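Asks: Please find one structure pasted underneath; my questions will follow.
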Amino acid sequence: MTLLSTINSPADLRQLSRPQLHQLAGELRQYVLDSVSKTGGHLSSNLGTVELTIALHAVFDTPRDRIVWDVGHQTYPHKILTGRRDQMATLRQLGGISGFPRRDESEYDTFGTAHSSTSISAAHGFAMAAKLKGESRRAVAVIGDGAITAGMAFEALNNAGVPHGGLLGDMLVILNDNDMSISPPVGALNKYFTRLMSGKFYSQAREGAKGLLKNTPLYEFARRFEEHTKGMFVPGTIFEEFGFNYVGPIDGHDLDALIPTLENLRDKPGPQFLHIVTKKGQGYKLAEADPVKYHGPTPFDPAQGIVASSKPAKKSFTQVFGDWLCDQAEADQKLVGITPAMREGSGMVEFHKRFPQRYYDVGIAEQHAVTFAAGLACEGMKPVVAIYSTFLQRGYDQLIHDVALQNLDVTFALDRAGLVGADGATHAGNYDIAFTRCIPNMAVLTPADERECRQLLSTAYQHPGPVTVRYPRGAGAGVDTGTDLSTLPWGQGELRREGGRDVAILAFGTLLQAALGAADALNATVANMRFVKPLDTALVERLARSHGLLVTVEDGCVMGGAGSAVIEHLQAVGLNVPVLQLGLPDAFIEHGDPAKLMALQGLDAAGIERRIRQRLGEPALRAVV
Ligand SMILES: Cc1ncc(C[n+]2csc(CCOP(=O)(O)OP(=O)(O)O)c2C)c(N)n1
Ligand SMILES: CC(=O)[C@@H](O)[C@H](O)COP(=O)(O)O
Ligand SMILES: [Mg+2]
C-alpha cells in the first residue's frame with residue numbers, strides 16, 4: 001500500500017512526519033505521471049509543483065486558508081491530495097473532473113481559473129474580505145514566472161501592497177519561477193528574475209547553507225551568471241517597492257526549505273512574497289529535457305515518451321495559418337507576426353526561425369499585443385496578431401479603442417474558435433463572432449475549410465482595415481491548401497448546393513461540412529457564407545425570397561452571432577421569412593471530446609438534420625445521440 005493511497009484530504013497529510021512527506025512527494029509525482037500519460041493533460045507544470053503543493057497543504061489550514069492557483073494548469077497534485085485521486089482517470093473527459101480549479105468541484109478550489117494572471121487580485125479580495133469580516137485566515141496566490149508578466153498581476157500588486165482604510169491584507173504571493181512560460185520566457189522581468197537568482201540564491205548555495213545546487217545545471221548557470229555580474233548592486237527587489245516583504249529565492253523542490261519558510265511567512269502579517277525556483281517537468285527526464293513538448297501532451301507511454309505518429313496527419317488549421325504566415329512574410333517585408341506567449345499553439349515556430357526580427361512574443365500580455373499591433377499599423381507596418389479566440393477577450397477594449405476606432409490595418413488570426421475540447425468552458429472560443437461583429441470597422445471572416453482559411457487570411461491581409469479570421473482547433477476535412485496567396489471576393493459567399501425550395505442552410509465556418517451532410521438528407525440548399533461581416537446581403541435576400549425556411553449554422557454562440565446578423569438584415573429590409581438559428585446555446589459547455597460535444601449540441605450532420613425536421617414538424621429520421 002502506498003502512502004498516497006491513505007491521503008484522502010490534507011488533514012491526513014498533516015499527520016505525516018517529514019520523512020513520510022518526502023516519500024509522499026515521490027509517490028505523488030509518479031501518480032501524476034501515470035495518470036496524465038493515460039488521460040493527456042498538462043504534465044510539465046504539474047511535475048514542478050509536487051513539493052510546493054505538499055508544503056502548502058502541510059503548513060496552511062486548507063480549505064480555511066485560501067490557496068489561489070494562477071492559471072490552474074498546475075493543480076493536479078492539489079486535486080490528488082484533496083480527495084480527487086481516483087477521479088484523475090476522468091480528467092478533462094466528458095463528465096469527468098476539470099483540468100483547472102473549479103469552485104463547484106471542491107471546497108479546496110477557492111477560485112476558478114484557466115486564463116492567467118488573476119490569482120493576486122483574487123487573493124487580495126480574499127484577504128480584504130477576511131479583514132472586513134474580522135476573520136483570521138490567510139490568502140495565498142501561487143503564480144508562475146510566465147503569468148506574472150501580465151499587466152493584471154502588477155495591477156494587483158500595486159493595490160495589495162498598500163493599506164486601504166488602515167487595513168492591510170494578510171496575503172502571501174508565491175512566485176513559482178521555473179524559467180519557462182509554455183515557451184521560453186521573454187522580457188525584462190524574466191531577466192530580472194535571473195539576476196535575483198544569480199545573487200542571493202547562488203551565494204546561499206556557495207556558502208554551503210544548503211549545498212543543494214551542487215552538481216546541478218542550475219548551480220553552474222548561477223555561477224557563470226555571477227561572474228558576469230560581479231560587483232552588481234541589487235537594492236531591494238521590485239516586490240519590496242510594491243510593499244511586499246520579499247523572501248527568496250529558495251529551492252521549490254526542497255521540502256526541508258519550503259516547509260519552515262512557509263511556516264515562518266504564514267505567521268507574518270501583511271503582504272508577503274516568496275520566490276521559489278522549480279524545474280518544469282521535474283523528475284521525468286524527458287519532460288525536464290523538453291518541457292515544451294510535455295506542456296500539454298495527449299496520452300503517451302511514459303517508458304517511451306511521446307513518439308511522432310507514423311501515419312501522415314491531416315494539417316491542422318494552426319499549421320495552415322503558420323504556413324500562410326511564412327509565405328505572406330516572404331512576399332511582404334512589412335508583415336510583423338505577434339503572439340501573446342503562444343508560439344507553439346499558434347503555429348509560429350517556423351515563422352520565428354525564419355523571420356526572427358519580425359516575430360514578437362510579447363509574453364502573456366494580450367492587451368499589449370493588440371495595442372502594439374495598432375502602433376505598428378500607424379507606421380505602415382502590417383501586423384498579424386495570432387491569438388486564441390478566448391484570449392482575445394482580454395484585449396477587447398484595445399480592439400475597439402486602439403484598433404477599430406482608428407480603422408487600423410491589423411489582421412487577427414483567431415485560433416481555437418468554437419469548442420476546444422479538453423480545456424472546456426474557460427478556453428472555448430464561443431463568443432468572438434458576437435463580440436467582434438458589433439464593432440464598427442471590424443470585418444469577421446469564417447473559412448469553411450483549409451484552402452479557404454488560407455485564402456481568407458490573404459483576403460484579410462489585403463483588406464486595409466481590422467479583420468478577424470476565425471478557425472477551430474485541430475484538423476479540417478483534409479482539403480489541400482495550395483501554396484498561393486490568392487484572395488476571395490470581399491463580402492461574398494457562395495452557393496454550395498442547390499436544393500428544393502423548403503430549406504436553405506446558411507453555413508458560417510467549418511460546420512459547412514455538417515450542413516452539407518444534413519442537406520443531402522433534406523434536399524436543402526446550402527450557402528457557404530464566408531463573411532459574417534460584411535454579410536453577403538444579396539445572397540441572404542435571394543435565399544430568403546426563394547425558400548420557406550432559412551437555417552443559420554455556426555460554431556459560436558447563437559446570441560448575437562452570425563444568425564443574428566442574418567435576422568437583423570432581414571428585418572431591416574422587411575423580409576419576413578422564418579429563421580432557425582443553430583449554434584452554441586446560452587450556457588457554458590464543459591470539457592470533453594469535441595466531436596461528442598458538438599453532437600450533444602446538435603451541431604453534427606445528424607443533429608442539424610434532426611433540428612430542421614423538428615422545425616418543419618416532420619418526425620426525426622435519425623436517432624438522437
Ligand atoms: C490570459 C492567458 N493567456 C495565455 C494563456 C495560455 N497559457 C497557459 S499556461 C501559460 C504559461 C504560464 O507560464 P507560468 O505562469 O510560468 O506557468 P508554468 O507553466 O511555467 O508553470 C500560458 C501562456 C492563458 N492561460 N491565459
Ligand atoms: C492552460 C492553457 O491555457 C494552455 O496550456 C492551453 O491549455 C493550451 O491549449 P492548446 O492545447 O489548445 O494549445
Ligand atoms: Mg513558468
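Labels used: A, B, ... for chains in the order of the C-alpha cells, numbers from 1 for residues in each chain, and numbers from 1 for ligands as shown.
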When the cut-off is 7 Å and you count only C-alpha atoms and all ligand atoms, which residues lie near ligand 2, shown as a PDB file with N, CA and C atoms, in the first residue's frame?
Replies:
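Written out: pocket10.pdb:
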ATOM      1  N   HIS A  42      -1.958  18.653 -18.756  1.00  0.00           N
ATOM      2  CA  HIS A  42      -0.769  19.482 -18.542  1.00  0.00           C
ATOM      3  C   HIS A  42       0.220  18.729 -17.659  1.00  0.00           C
ATOM      4  N   VAL A  71      -3.662  30.424 -13.336  1.00  0.00           N
ATOM      5  CA  VAL A  71      -3.948  29.568 -14.496  1.00  0.00           C
ATOM      6  C   VAL A  71      -4.641  28.285 -14.006  1.00  0.00           C
ATOM      7  N   HIS A  73      -3.403  25.254 -14.280  1.00  0.00           N
ATOM      8  CA  HIS A  73      -3.000  24.078 -15.054  1.00  0.00           C
ATOM      9  C   HIS A  73      -2.008  23.215 -14.280  1.00  0.00           C
ATOM     10  N   ALA A 114      -8.116  29.514 -15.314  1.00  0.00           N
ATOM     11  CA  ALA A 114      -7.590  28.870 -16.520  1.00  0.00           C
ATOM     12  C   ALA A 114      -6.977  29.941 -17.412  1.00  0.00           C
ATOM     13  N   HIS A 115      -7.577  31.131 -17.421  1.00  0.00           N
ATOM     14  CA  HIS A 115      -6.890  32.287 -18.005  1.00  0.00           C
ATOM     15  C   HIS A 115      -5.941  32.790 -16.914  1.00  0.00           C
ATOM     16  N   HIS A 295       4.300  20.024 -22.235  1.00  0.00           N
ATOM     17  CA  HIS A 295       3.423  21.001 -21.562  1.00  0.00           C
ATOM     18  C   HIS A 295       1.997  20.459 -21.491  1.00  0.00           C
ATOM     19  N   GLY A 296       1.472  19.998 -22.616  1.00  0.00           N
ATOM     20  CA  GLY A 296       0.083  19.513 -22.629  1.00  0.00           C
ATOM     21  C   GLY A 296      -0.086  18.342 -23.575  1.00  0.00           C
ATOM     22  N   GLY A 345       1.375  26.891 -29.853  1.00  0.00           N
ATOM     23  CA  GLY A 345      -0.063  26.702 -30.047  1.00  0.00           C
ATOM     24  C   GLY A 345      -0.606  27.452 -31.242  1.00  0.00           C
ATOM     25  N   ARG A 416      -8.513  28.444 -32.285  1.00  0.00           N
ATOM     26  CA  ARG A 416      -9.354  27.832 -31.222  1.00  0.00           C
ATOM     27  C   ARG A 416     -10.736  28.479 -31.183  1.00  0.00           C
ATOM     28  N   VAL A 420     -13.246  23.826 -27.773  1.00  0.00           N
ATOM     29  CA  VAL A 420     -11.860  23.363 -27.898  1.00  0.00           C
ATOM     30  C   VAL A 420     -11.638  21.968 -27.344  1.00  0.00           C
ATOM     31  N   ASP A 423      -9.932  21.412 -22.665  1.00  0.00           N
ATOM     32  CA  ASP A 423      -9.770  22.565 -21.768  1.00  0.00           C
ATOM     33  C   ASP A 423     -11.116  23.103 -21.272  1.00  0.00           C
ATOM     34  N   ARG A 473      -9.709  24.630 -33.429  1.00  0.00           N
ATOM     35  CA  ARG A 473      -8.599  23.766 -33.010  1.00  0.00           C
ATOM     36  C   ARG A 473      -8.640  22.492 -33.847  1.00  0.00           C
TER      37      ARG A 473
END
Asks: Do you know which residues are within 6 Å of ligand 1 using only C-alpha atoms and all ligand atoms? Can you write them as a PyMOL selection string?
Replies: chain A and resi 45+71+114-116+143-147+178+180-182+341-342+364+391
Asks: List the neighbours of Phe321 in chain A out to 9 Å using only C-alpha atoms; skip same-chain residues closer than 2 positions along the sequence, and give me the result as a PyMOL selection string.
Replies: chain A and resi 316-319+323-326+346-348+386+413+415+453-454+457
Asks: I need the residue nearest Val362 in chain A from this list: A:Ile338, A:Lys38, A:Ser121, A:Asn176. Use only C-alpha atoms for the distance.
Replies: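 Of all the options, A:Ile338 lies closest to Val362 in chain A.
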Asks: So that I can check the surroundings of Ala127 in chain A, please list as a CSV table (one decimal) with N, CA and C atoms, in the first residue's frame every protein, DNA and RNA residue that reaches within 7 Å of it, counting only C-alpha atoms and ignoring chain neighbours fewer than 4 positions away.
Replies:
chain,number,residue,atom,x,y,z
A,123,ALA,N,-6.7,36.7,-4.6
A,123,ALA,CA,-6.2,36.5,-3.2
A,123,ALA,C,-6.3,37.8,-2.4
A,131,LYS,N,-10.4,40.5,6.4
A,131,LYS,CA,-10.2,41.7,7.3
A,131,LYS,C,-11.6,42.3,7.7
A,138,ARG,N,-5.6,33.1,6.1
A,138,ARG,CA,-4.5,33.6,5.1
A,138,ARG,C,-5.0,33.4,3.7
A,139,ALA,N,-4.5,34.2,2.8
A,139,ALA,CA,-4.8,34.0,1.4
A,139,ALA,C,-3.4,33.9,0.7
A,169,GLY,N,-4.1,43.5,3.9
A,169,GLY,CA,-4.4,42.1,3.8
A,169,GLY,C,-3.3,41.2,4.2
A,170,ASP,N,-3.6,40.1,4.9
A,170,ASP,CA,-2.6,39.1,5.2
A,170,ASP,C,-2.5,38.1,4.1
A,171,MET,N,-1.6,38.4,3.2
A,171,MET,CA,-1.6,37.5,2.0
A,171,MET,C,-0.1,37.2,1.6
Asks: Quick one: DSSP strand (DSSP E) residues in range 376-553 of chain A, as a ChimeraX atom specification?
Replies: /A:382-388,411-415,443-445,467-470,494-497,503-508,525-528,531-533,549-553
Asks: Go through A:Arg354, A:Lys279, A:Lys314, A:Arg496 one by one, measure the shortest atom-to-atom distance of each to ligand 3 using only C-alpha atoms and all ligand atoms, and give the residue with the smallest value.
Replies: A:Lys279
